[in-house]
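K.L.:
Next comes target.cif, mmCIF, C-alpha atoms:
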```cif
data_my_file
#
loop_
_atom_site.label_atom_id
_atom_site.label_comp_id
_atom_site.auth_asym_id
_atom_site.auth_seq_id
_atom_site.Cartn_x
_atom_site.Cartn_y
_atom_site.Cartn_z
CA MET A 1 -123.73 144.82 -85.39
CA ILE A 2 -125.68 148.02 -84.81
CA GLU A 3 -123.63 151.20 -84.88
CA LEU A 4 -125.25 154.54 -84.10
CA GLU A 5 -122.41 157.02 -84.48
CA GLY A 6 -124.72 159.80 -85.67
CA VAL A 7 -127.05 159.64 -82.67
CA PRO A 8 -125.96 161.07 -79.29
CA GLU A 9 -126.98 159.78 -75.89
CA LEU A 10 -130.73 160.18 -75.59
CA ILE A 11 -132.77 161.57 -72.69
CA ASP A 12 -135.38 159.20 -71.19
CA PRO A 13 -136.14 157.74 -74.64
CA VAL A 14 -139.44 156.05 -75.48
CA MET A 15 -139.85 154.08 -78.71
CA VAL A 16 -143.18 154.65 -80.50
CA ALA A 17 -143.92 152.28 -83.40
CA ALA A 18 -146.68 151.71 -85.96
CA PHE A 19 -146.91 149.52 -89.04
CA GLU A 20 -149.07 149.76 -92.12
CA GLY A 21 -151.11 146.69 -92.89
CA TRP A 22 -153.28 144.32 -90.86
CA ASN A 23 -152.95 146.26 -87.59
CA ASP A 24 -153.62 149.68 -89.12
CA ALA A 25 -157.33 150.07 -89.88
CA GLY A 26 -158.01 153.41 -91.54
CA ASP A 27 -154.24 154.09 -91.51
CA ALA A 28 -154.89 155.55 -88.05
CA ALA A 29 -151.77 154.20 -86.31
CA SER A 30 -149.18 154.81 -89.04
CA THR A 31 -150.60 158.32 -89.57
CA ALA A 32 -150.17 159.02 -85.85
CA VAL A 33 -146.44 158.22 -85.96
CA ALA A 34 -146.07 160.18 -89.20
CA HIS A 35 -147.72 163.14 -87.43
CA LEU A 36 -145.19 162.97 -84.59
CA ASP A 37 -142.32 162.78 -87.07
CA ARG A 38 -143.63 165.77 -89.02
CA GLU A 39 -144.53 167.98 -86.05
CA TRP A 40 -141.22 167.43 -84.26
CA LYS A 41 -139.07 167.28 -87.41
CA GLY A 42 -137.66 163.81 -86.96
CA GLU A 43 -134.32 162.82 -88.45
CA VAL A 44 -134.07 159.30 -89.91
CA PHE A 45 -130.99 157.52 -88.57
CA ALA A 46 -131.59 153.93 -89.68
CA ALA A 47 -133.62 151.81 -92.09
CA LEU A 48 -133.99 148.04 -92.05
CA ASP A 49 -132.82 146.14 -95.12
CA ALA A 50 -135.91 145.66 -97.27
CA GLU A 51 -134.46 142.47 -98.81
CA ASP A 52 -134.57 140.75 -95.41
CA TYR A 53 -138.22 141.26 -94.54
CA TYR A 54 -140.43 142.18 -97.50
CA ASP A 55 -141.98 140.33 -100.41
CA PHE A 56 -141.83 142.89 -103.22
CA GLN A 57 -144.75 141.27 -105.01
CA VAL A 58 -146.86 142.08 -101.94
CA ASN A 59 -145.34 145.48 -101.11
CA ARG A 60 -143.99 146.78 -104.38
CA PRO A 61 -141.20 149.37 -104.66
CA THR A 62 -142.05 152.67 -106.33
CA VAL A 63 -140.19 154.57 -109.03
CA TRP A 64 -140.07 158.37 -108.98
CA LEU A 65 -138.23 161.24 -110.64
CA ASP A 66 -135.79 163.46 -108.78
CA GLY A 67 -134.67 166.29 -111.05
CA GLY A 68 -135.06 164.08 -114.07
CA VAL A 69 -133.22 161.17 -112.45
CA ARG A 70 -135.26 158.01 -111.88
CA LYS A 71 -135.00 156.63 -108.35
CA ILE A 72 -136.53 153.72 -106.46
CA THR A 73 -138.04 153.75 -102.99
CA TRP A 74 -138.11 150.32 -101.39
CA PRO A 75 -140.73 149.30 -98.82
CA THR A 76 -139.06 149.13 -95.43
CA THR A 77 -139.14 150.27 -91.81
CA ARG A 78 -137.34 153.45 -90.79
CA LEU A 79 -136.29 154.81 -87.40
CA SER A 80 -136.04 158.49 -86.53
CA VAL A 81 -135.33 160.49 -83.39
CA VAL A 82 -137.11 163.60 -82.15
CA ARG A 83 -136.32 165.70 -79.09
CA VAL A 84 -139.24 167.25 -77.27
CA GLY A 85 -138.07 170.42 -75.57
CA GLY A 86 -139.17 172.07 -72.34
CA ASP A 87 -138.02 172.18 -68.74
CA LYS A 88 -137.58 168.41 -68.81
CA PRO A 89 -136.78 167.44 -72.42
CA ARG A 90 -136.97 163.85 -73.55
CA ASP A 91 -136.46 161.93 -76.76
CA LEU A 92 -138.77 159.75 -78.82
CA VAL A 93 -137.52 157.04 -81.15
CA LEU A 94 -140.13 156.76 -83.90
CA VAL A 95 -140.50 153.50 -85.84
CA ARG A 96 -142.65 153.65 -88.94
CA GLY A 97 -142.89 150.98 -91.58
CA ILE A 98 -144.91 148.21 -93.17
CA GLU A 99 -145.79 144.93 -91.52
CA PRO A 100 -143.02 142.58 -92.72
CA SER A 101 -143.80 139.70 -95.05
CA MET A 102 -141.31 137.27 -93.48
CA ARG A 103 -138.78 136.62 -90.70
CA TRP A 104 -140.80 138.37 -87.98
CA ARG A 105 -138.59 137.16 -85.13
CA SER A 106 -135.46 138.57 -86.76
CA PHE A 107 -137.36 141.78 -87.54
CA CYS A 108 -138.31 142.23 -83.88
CA ASN A 109 -134.82 141.33 -82.68
CA GLU A 110 -133.34 143.99 -84.93
CA LEU A 111 -135.70 146.64 -83.56
CA LEU A 112 -134.90 145.51 -80.02
CA GLY A 113 -131.21 145.83 -80.84
CA PHE A 114 -131.75 149.49 -81.65
CA ALA A 115 -133.83 149.94 -78.51
CA HIS A 116 -131.04 148.45 -76.39
CA GLU A 117 -128.30 150.55 -77.97
CA LEU A 118 -130.36 153.74 -77.55
CA GLY A 119 -131.32 153.02 -73.94
CA VAL A 120 -135.05 152.93 -74.67
CA GLU A 121 -137.03 152.80 -71.42
CA MET A 122 -140.37 151.70 -72.88
CA VAL A 123 -141.84 150.65 -76.22
CA VAL A 124 -145.31 151.85 -77.23
CA VAL A 125 -146.84 150.18 -80.29
CA LEU A 126 -149.88 151.81 -81.91
CA GLY A 127 -152.57 149.82 -83.68
CA ALA A 128 -156.09 150.23 -85.06
CA LEU A 129 -158.82 147.65 -85.62
CA LEU A 130 -162.26 147.54 -87.19
CA GLY A 131 -165.09 147.33 -84.71
CA ASP A 132 -168.81 147.78 -84.13
CA THR A 133 -168.40 151.33 -82.88
CA PRO A 134 -170.39 154.39 -84.04
CA HIS A 135 -168.50 157.22 -85.72
CA THR A 136 -170.56 159.74 -83.73
CA ARG A 137 -169.04 158.79 -80.37
CA PRO A 138 -165.50 159.24 -79.01
CA VAL A 139 -163.09 156.70 -80.46
CA PRO A 140 -162.46 153.87 -77.96
CA VAL A 141 -158.74 153.44 -77.27
CA SER A 142 -157.45 150.65 -75.06
CA GLY A 143 -154.01 150.29 -73.54
CA VAL A 144 -152.84 146.70 -73.06
CA THR A 145 -149.66 145.03 -71.88
CA SER A 146 -148.32 141.55 -71.17
CA ASP A 147 -146.56 142.80 -68.04
CA PRO A 148 -148.78 142.51 -64.93
CA ASP A 149 -146.64 144.99 -63.00
CA LEU A 150 -146.85 147.53 -65.82
CA ALA A 151 -150.60 146.99 -66.05
CA ARG A 152 -150.98 147.78 -62.37
CA THR A 153 -148.68 150.81 -62.21
CA MET A 154 -149.86 152.48 -65.44
CA ASP A 155 -153.58 151.63 -65.21
CA LEU A 156 -153.50 149.36 -68.27
CA GLU A 157 -155.30 146.15 -69.14
CA GLU A 158 -153.34 142.92 -68.97
CA THR A 159 -153.87 141.18 -72.29
CA ARG A 160 -155.90 137.98 -72.40
CA TYR A 161 -156.20 137.73 -76.18
CA GLU A 162 -155.85 134.35 -77.89
CA GLY A 163 -155.92 133.96 -81.67
CA PRO A 164 -154.28 135.30 -84.83
CA THR A 165 -152.06 138.32 -84.30
CA GLY A 166 -150.03 140.80 -86.31
CA ILE A 167 -146.63 142.38 -85.96
CA VAL A 168 -147.95 144.61 -83.14
CA GLY A 169 -148.64 141.57 -80.98
CA ILE A 170 -145.39 139.86 -81.92
CA LEU A 171 -143.27 142.94 -81.16
CA GLN A 172 -144.97 143.42 -77.79
CA GLU A 173 -144.27 139.82 -76.81
CA ALA A 174 -140.67 140.11 -78.02
CA CYS A 175 -140.24 143.17 -75.78
CA THR A 176 -141.74 141.32 -72.83
CA HIS A 177 -139.37 138.36 -73.24
CA ALA A 178 -136.43 140.76 -73.60
CA GLY A 179 -137.35 142.56 -70.38
CA VAL A 180 -138.33 145.81 -72.12
CA PRO A 181 -141.56 147.40 -70.83
CA ALA A 182 -144.05 147.45 -73.72
CA VAL A 183 -147.57 148.78 -74.21
CA SER A 184 -149.97 148.55 -77.15
CA LEU A 185 -152.55 151.27 -77.75
CA TRP A 186 -155.50 150.23 -79.91
CA ALA A 187 -158.10 152.49 -81.53
CA ALA A 188 -161.41 151.06 -82.75
CA VAL A 189 -162.41 152.25 -86.23
CA PRO A 190 -166.05 151.93 -87.42
CA HIS A 191 -166.13 148.99 -89.80
CA TYR A 192 -168.72 150.67 -92.03
CA VAL A 193 -166.35 153.54 -92.78
CA SER A 194 -162.98 151.77 -92.87
CA GLN A 195 -161.39 153.65 -95.77
CA PRO A 196 -158.36 155.74 -94.82
CA PRO A 197 -157.68 158.27 -93.60
CA ASN A 198 -159.43 158.43 -90.25
CA PRO A 199 -158.16 161.58 -88.51
CA LYS A 200 -160.55 161.10 -85.58
CA ALA A 201 -158.97 157.74 -84.71
CA THR A 202 -155.47 159.14 -85.25
CA MET A 203 -156.18 162.00 -82.84
CA ALA A 204 -157.59 159.59 -80.26
CA LEU A 205 -154.39 157.52 -80.37
CA LEU A 206 -152.25 160.64 -79.93
CA ASN A 207 -154.36 161.82 -76.99
CA ARG A 208 -153.95 158.45 -75.29
CA LEU A 209 -150.23 158.44 -76.05
CA GLU A 210 -149.68 161.84 -74.44
CA ASP A 211 -151.49 160.62 -71.32
CA LEU A 212 -149.23 157.57 -71.24
CA ILE A 213 -145.85 159.26 -71.68
CA GLY A 214 -146.64 162.64 -70.09
CA LEU A 215 -145.89 164.84 -73.09
CA ARG A 216 -148.16 167.32 -74.77
CA ILE A 217 -148.46 166.49 -78.46
CA PRO A 218 -149.25 169.33 -80.89
CA LEU A 219 -152.26 168.24 -82.92
CA GLY A 220 -151.94 170.76 -85.75
CA GLU A 221 -154.85 170.45 -88.16
CA LEU A 222 -156.04 167.08 -86.82
CA PRO A 223 -158.99 168.46 -84.79
CA GLU A 224 -160.33 170.31 -87.85
CA ASP A 225 -159.75 167.27 -90.06
CA ALA A 226 -161.55 165.05 -87.53
CA ARG A 227 -164.58 167.37 -87.48
CA ALA A 228 -164.68 167.45 -91.27
CA TRP A 229 -164.41 163.66 -91.40
CA GLN A 230 -167.31 163.19 -88.99
CA LEU A 231 -169.48 165.70 -90.85
CA GLY A 232 -168.77 163.87 -94.09
CA VAL A 233 -169.72 160.50 -92.60
CA ASP A 234 -172.84 162.06 -91.04
CA GLN A 235 -173.91 163.23 -94.47
CA LEU A 236 -173.29 159.85 -96.09
CA ALA A 237 -175.21 158.07 -93.33
CA ALA A 238 -178.12 160.49 -93.64
CA GLU A 239 -178.45 159.63 -97.32
CA ASP A 240 -178.96 155.91 -96.57
CA SER A 241 -181.79 155.05 -94.18
CA GLU A 242 -180.41 151.56 -93.47
CA VAL A 243 -177.00 152.94 -92.53
CA ALA A 244 -178.59 155.66 -90.39
CA GLU A 245 -180.67 153.06 -88.55
CA TYR A 246 -177.62 150.86 -88.03
CA VAL A 247 -175.59 153.78 -86.65
CA GLN A 248 -178.42 154.57 -84.24
CA THR A 249 -178.38 150.96 -83.04
CA LEU A 250 -174.63 151.18 -82.41
CA GLU A 251 -175.09 154.46 -80.55
CA GLU A 252 -177.73 152.97 -78.26
CA ALA A 253 -175.57 149.94 -77.54
CA ARG A 254 -172.54 152.11 -76.82
CA ASP A 255 -174.43 154.52 -74.56
CA THR A 256 -176.02 151.66 -72.62
CA ALA A 257 -172.65 149.98 -72.11
CA GLU A 258 -171.10 153.20 -70.83
CA LEU A 259 -173.85 154.18 -68.37
CA PRO A 260 -171.97 152.70 -65.38
CA GLU A 261 -168.96 154.82 -66.35
CA ALA A 262 -170.91 158.09 -66.10
CA SER A 263 -169.74 158.48 -62.52
CA GLY A 264 -168.14 161.42 -60.78
CA GLU A 265 -164.83 159.58 -60.71
CA ALA A 266 -164.90 158.94 -64.47
CA ILE A 267 -165.81 162.56 -65.18
CA ALA A 268 -163.04 163.82 -62.90
CA ARG A 269 -160.54 161.52 -64.60
CA GLU A 270 -161.50 162.86 -68.03
CA PHE A 271 -161.27 166.46 -66.81
CA GLU A 272 -157.76 165.83 -65.48
CA ARG A 273 -156.75 164.53 -68.90
CA TYR A 274 -158.14 167.67 -70.48
CA LEU A 275 -156.13 169.87 -68.12
CA ARG A 276 -152.95 167.93 -68.83
CA ARG A 277 -153.41 168.43 -72.55
CA ARG A 278 -153.79 172.16 -72.00
CA ASP A 279 -150.65 172.30 -69.81
CA VAL A 280 -152.72 173.36 -66.81
CA ALA A 281 -151.94 170.40 -64.56
CA PRO A 282 -149.12 170.93 -62.03
CA GLY A 283 -145.78 169.68 -63.20
CA GLY A 284 -146.61 169.92 -66.89
CA HIS A 285 -143.41 170.45 -68.81
CA ALA A 286 -144.08 169.51 -72.39
CA THR A 287 -143.88 171.99 -75.20
CA GLU A 288 -144.85 171.93 -78.85
CA SER A 289 -141.40 172.88 -80.00
CA GLY A 290 -138.76 170.40 -81.05
CA ASP A 291 -135.06 170.73 -81.70
CA ALA A 292 -133.22 168.44 -84.10
CA SER A 293 -129.99 170.45 -83.98
CA TYR A 294 -128.49 168.00 -81.47
CA LEU A 295 -128.06 165.57 -84.36
CA ARG A 296 -125.38 167.76 -85.94
CA ASP A 297 -121.96 166.20 -86.33
CA THR A 298 -119.69 169.12 -85.45
CA SER A 299 -116.59 167.38 -86.75
CA SER A 300 -117.89 167.19 -90.32
CA GLY A 301 -120.11 170.27 -90.27
CA ARG A 302 -123.18 168.44 -91.55
CA THR A 303 -126.31 167.16 -89.91
CA ARG A 304 -126.34 163.49 -89.08
CA PRO A 305 -128.14 161.32 -89.83
CA PRO A 306 -129.03 162.34 -93.42
CA LYS A 307 -132.45 163.63 -94.36
CA PRO A 308 -134.99 160.86 -94.99
CA PRO A 309 -135.68 159.91 -98.61
CA LYS A 310 -138.89 160.92 -100.31
CA PRO A 311 -141.80 159.30 -98.44
CA GLU A 312 -143.17 156.19 -100.03
CA PRO A 313 -146.89 155.91 -100.75
CA GLY A 314 -149.11 153.84 -98.50
CA PRO A 315 -150.42 150.41 -99.42
CA PRO A 316 -153.26 150.04 -101.92
CA GLN A 317 -156.74 150.70 -100.62
CA GLY A 318 -158.02 147.69 -98.76
CA ALA A 319 -154.57 146.60 -97.57
CA THR A 320 -155.06 148.00 -94.08
CA GLY A 321 -157.12 146.39 -91.37
CA GLU A 322 -159.89 144.07 -92.45
CA SER A 323 -162.66 144.54 -94.95
CA ALA A 324 -166.14 145.13 -93.57
CA GLN A 325 -167.30 141.69 -94.63
CA ASP A 326 -164.30 140.12 -92.88
CA ARG A 327 -164.70 142.04 -89.65
CA PRO A 328 -164.88 139.95 -86.49
CA SER A 329 -168.22 138.86 -85.13
CA ASP A 330 -169.12 138.76 -81.47
CA ASP A 331 -167.59 135.28 -81.25
CA ASP A 332 -164.46 135.92 -83.33
CA THR A 333 -162.35 138.84 -82.18
CA GLY A 334 -159.98 138.81 -85.16
CA PRO A 335 -156.67 140.66 -85.14
CA GLY A 336 -157.25 143.10 -82.31
CA PRO A 337 -158.82 143.67 -78.92
CA GLU A 338 -162.55 143.87 -79.39
CA ASP A 339 -165.44 142.91 -77.20
CA SER A 340 -168.99 142.21 -78.27
CA SER A 341 -169.83 145.91 -78.37
CA GLY A 342 -166.96 146.64 -80.72
CA SER A 343 -164.83 148.61 -78.26
CA PRO A 344 -161.28 147.41 -77.60
CA ASP A 345 -160.42 145.74 -74.34
CA SER A 346 -157.62 143.65 -72.97
CA SER A 347 -157.85 140.90 -75.55
CA GLU A 348 -154.95 141.81 -77.84
CA ASP A 349 -151.25 141.83 -77.32
#
```
Translate this structure into structure tokens?
P.N.:
Amino acid sequence: MIELEGVPELIDPVMVAAFEGWNDAGDAASTAVAHLDREWKGEVFAALDAEDYYDFQVNRPTVWLDGGVRKITWPTTRLSVVRVGGDKPRDLVLVRGIEPSMRWRSFCNELLGFAHELGVEMVVVLGALLGDTPHTRPVPVSGVTSDPDLARTMDLEETRYEGPTGIVGILQEACTHAGVPAVSLWAAVPHYVSQPPNPKATMALLNRLEDLIGLRIPLGELPEDARAWQLGVDQLAAEDSEVAEYVQTLEEARDTAELPEASGEAIAREFERYLRRRDVAPGGHATESGDASYLRDTSSGRTRPPKPPKPEPGPPQGATGESAQDRPSDDDTGPGPEDSSGSPDSSED
């Protein structure tokens, strides 16, 4: 039974989830949720039992020293709550963890139990995949759903993907069967520069998320990090003529594919998004400030839930996404939504 005594009634809550592993190329998705948690000072209120879902030979616990005392951090999935202030405040339930090794249906049911108890109105799952996309162009981000009504009302793609899937796809389908509106946002990461981090892809996911839920997300140092990342990749590509030629080929393919989109309507749509992010659009109410004081238990005089434990390190390099040699070809889309040009579409759930 789920008991949430330390969490008050939430305001229009949306659950935002990301998982390290197969669905997290370049660590872009898990870093996005970590950014939200850090910027809005999230308070962890629950953690799933690691014994139930993780193989510790695959995701090993870590030992660390706390004032000379040795402690262990177990791989798991944690839930935190943040309140975004403003004229119309709302709450986000952040789910950040590692793709489970076993018992995926029970894992999803437990997360849905929390969502039900907290009155979550929608679940947004973030993912990232490796694709044939050039690092010099804007990161393609697709929004997909299994709900045809949601696809129509929120201008999303209805998923048509068939094939192997990860926990992102399983959780979305579990939400759909439970009657909880669910959306997956997918960022395409260049397969030739798949090593984490990828701040450009992380920022693209956050920009798409703020469009979806109508909140302005403070980006902090992400824009500067994204520029530095691109400059670094530019330099590496310039030092290898074959890579430079390949990037140019991807650029030409991408630009050709997007020519029909260079319409006045598309430009106007992008400009509206820019205005919303700058709080210029009418009705904008989001703010960069957050307030976690509402989690205080006045009867005991302490903040509830307790502060999260020391963050655990990410998985070993190469554990996220796919390797370049394993990336999907034009005829094999792999774990995420990807068309023949490498940009995500409606093919994943």
K.L.:
From the set A:Ala115, A:Gly127, A:Val69, A:Pro75, which residue has the shortest atom-to-atom contact distance to Gly166 in chain A, counting all atoms listed in the file?
P.N.:
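Using all atoms listed in the file, Gly166 in chain A sits closest to A:Gly127.
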K.L.:
Given all atoms listed in the file as the basis, pick out the residue of A:Glu221, A:Glu117, A:Asp27, A:Asp52 nearest to Glu9 in chain A.
P.N.:
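Ranking A:Glu221, A:Glu117, A:Asp27, A:Asp52 by distance to Glu9 in chain A, first place goes to A:Glu117.
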K.L.:
Which value, in Å to one decimal, gives the distance between CA of Tyr192 in chain A and CA of Pro164 in chain A?
P.N.:
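Taking CA of Tyr192 in chain A and CA of Pro164 in chain A, their separation equals 22.3 Å.
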K.L.:
Once the PyMOL selection byres ((chain A and resi 198) around 9) has been evaluated on this model, what residues remain selected, and can you format them as a VMD selection string?
P.N.:
chain A and resid 25 to 28 31 189 193 to 197 199 to 203 225 to 226 229
K.L.:
So what does the PyMOL selection byres ((chain A and resi 34) around 12) actually pick up in this one, as a compact mmCIF listing (two decimals) with C-alpha atoms, keeping the file's coordinate frame?
P.N.:
```
# COMPACT_ATOMS: atom_id res chain seq x y z
CA VAL A 16 -143.18 154.65 -80.50
CA ALA A 17 -143.92 152.28 -83.40
CA ALA A 18 -146.68 151.71 -85.96
CA PHE A 19 -146.91 149.52 -89.04
CA GLU A 20 -149.07 149.76 -92.12
CA ASP A 27 -154.24 154.09 -91.51
CA ALA A 28 -154.89 155.55 -88.05
CA ALA A 29 -151.77 154.20 -86.31
CA SER A 30 -149.18 154.81 -89.04
CA THR A 31 -150.60 158.32 -89.57
CA ALA A 32 -150.17 159.02 -85.85
CA VAL A 33 -146.44 158.22 -85.96
CA HIS A 35 -147.72 163.14 -87.43
CA LEU A 36 -145.19 162.97 -84.59
CA ASP A 37 -142.32 162.78 -87.07
CA ARG A 38 -143.63 165.77 -89.02
CA GLU A 39 -144.53 167.98 -86.05
CA TRP A 40 -141.22 167.43 -84.26
CA LYS A 41 -139.07 167.28 -87.41
CA GLY A 42 -137.66 163.81 -86.96
CA ARG A 78 -137.34 153.45 -90.79
CA LEU A 79 -136.29 154.81 -87.40
CA SER A 80 -136.04 158.49 -86.53
CA VAL A 82 -137.11 163.60 -82.15
CA LEU A 94 -140.13 156.76 -83.90
CA VAL A 95 -140.50 153.50 -85.84
CA ARG A 96 -142.65 153.65 -88.94
CA GLY A 97 -142.89 150.98 -91.58
CA LEU A 126 -149.88 151.81 -81.91
CA THR A 202 -155.47 159.14 -85.25
CA LEU A 206 -152.25 160.64 -79.93
CA LEU A 219 -152.26 168.24 -82.92
CA PRO A 311 -141.80 159.30 -98.44
CA GLU A 312 -143.17 156.19 -100.03
CA GLY A 314 -149.11 153.84 -98.50
```
K.L.:
Would you kindly return, as a compact mmCIF listing (two decimals) with C-alpha atoms, in the frame of the given file, each protein, DNA or RNA residue with an atom no farther than 7 Å from any atom of Met15 in chain A, considering all atoms listed in the file and excluding same-chain residues fewer than 5 positions away?
P.N.:
```
# COMPACT_ATOMS: atom_id res chain seq x y z
CA LEU A 92 -138.77 159.75 -78.82
CA VAL A 93 -137.52 157.04 -81.15
CA LEU A 94 -140.13 156.76 -83.90
CA VAL A 120 -135.05 152.93 -74.67
CA MET A 122 -140.37 151.70 -72.88
CA VAL A 123 -141.84 150.65 -76.22
CA VAL A 124 -145.31 151.85 -77.23
```
K.L.:
Just need the box for range 220-237 of chain A, edges along x, y and z, holding every atom the file lists for it with 4 Å tacked onto each side, so centre and edge lengths in Å to one decimal, as JSON.
P.N.:
```
{"center_x": -163.6, "center_y": 164.4, "center_z": -90.4, "size_x": 31.3, "size_y": 20.7, "size_z": 19.3}
```
K.L.:
Please indicate the distance in Å from CA of Asn207 in chain A to CA of Asp24 in chain A, rounded to one decimal place.
P.N.:
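Here the two named atoms are 17.2 Å from each other.
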K.L.:
Please enumerate the residues selected by the PyMOL selection byres ((chain A and resi 49) around 10) when evaluated against the supplied file, formatted as a list in words.
P.N.:
Ala46, Ala47, Leu48, Ala50, Glu51, Asp52, Tyr53, Tyr54, Trp74, Pro75, Thr76, Thr77, Arg78 and Phe107 of chain A
K.L.:
When you draw a straight line from CA of Thr165 in chain A to CA of Trp22 in chain A, how long is it in Å?
P.N.:
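Interatomic distance here is 9.0 Å.
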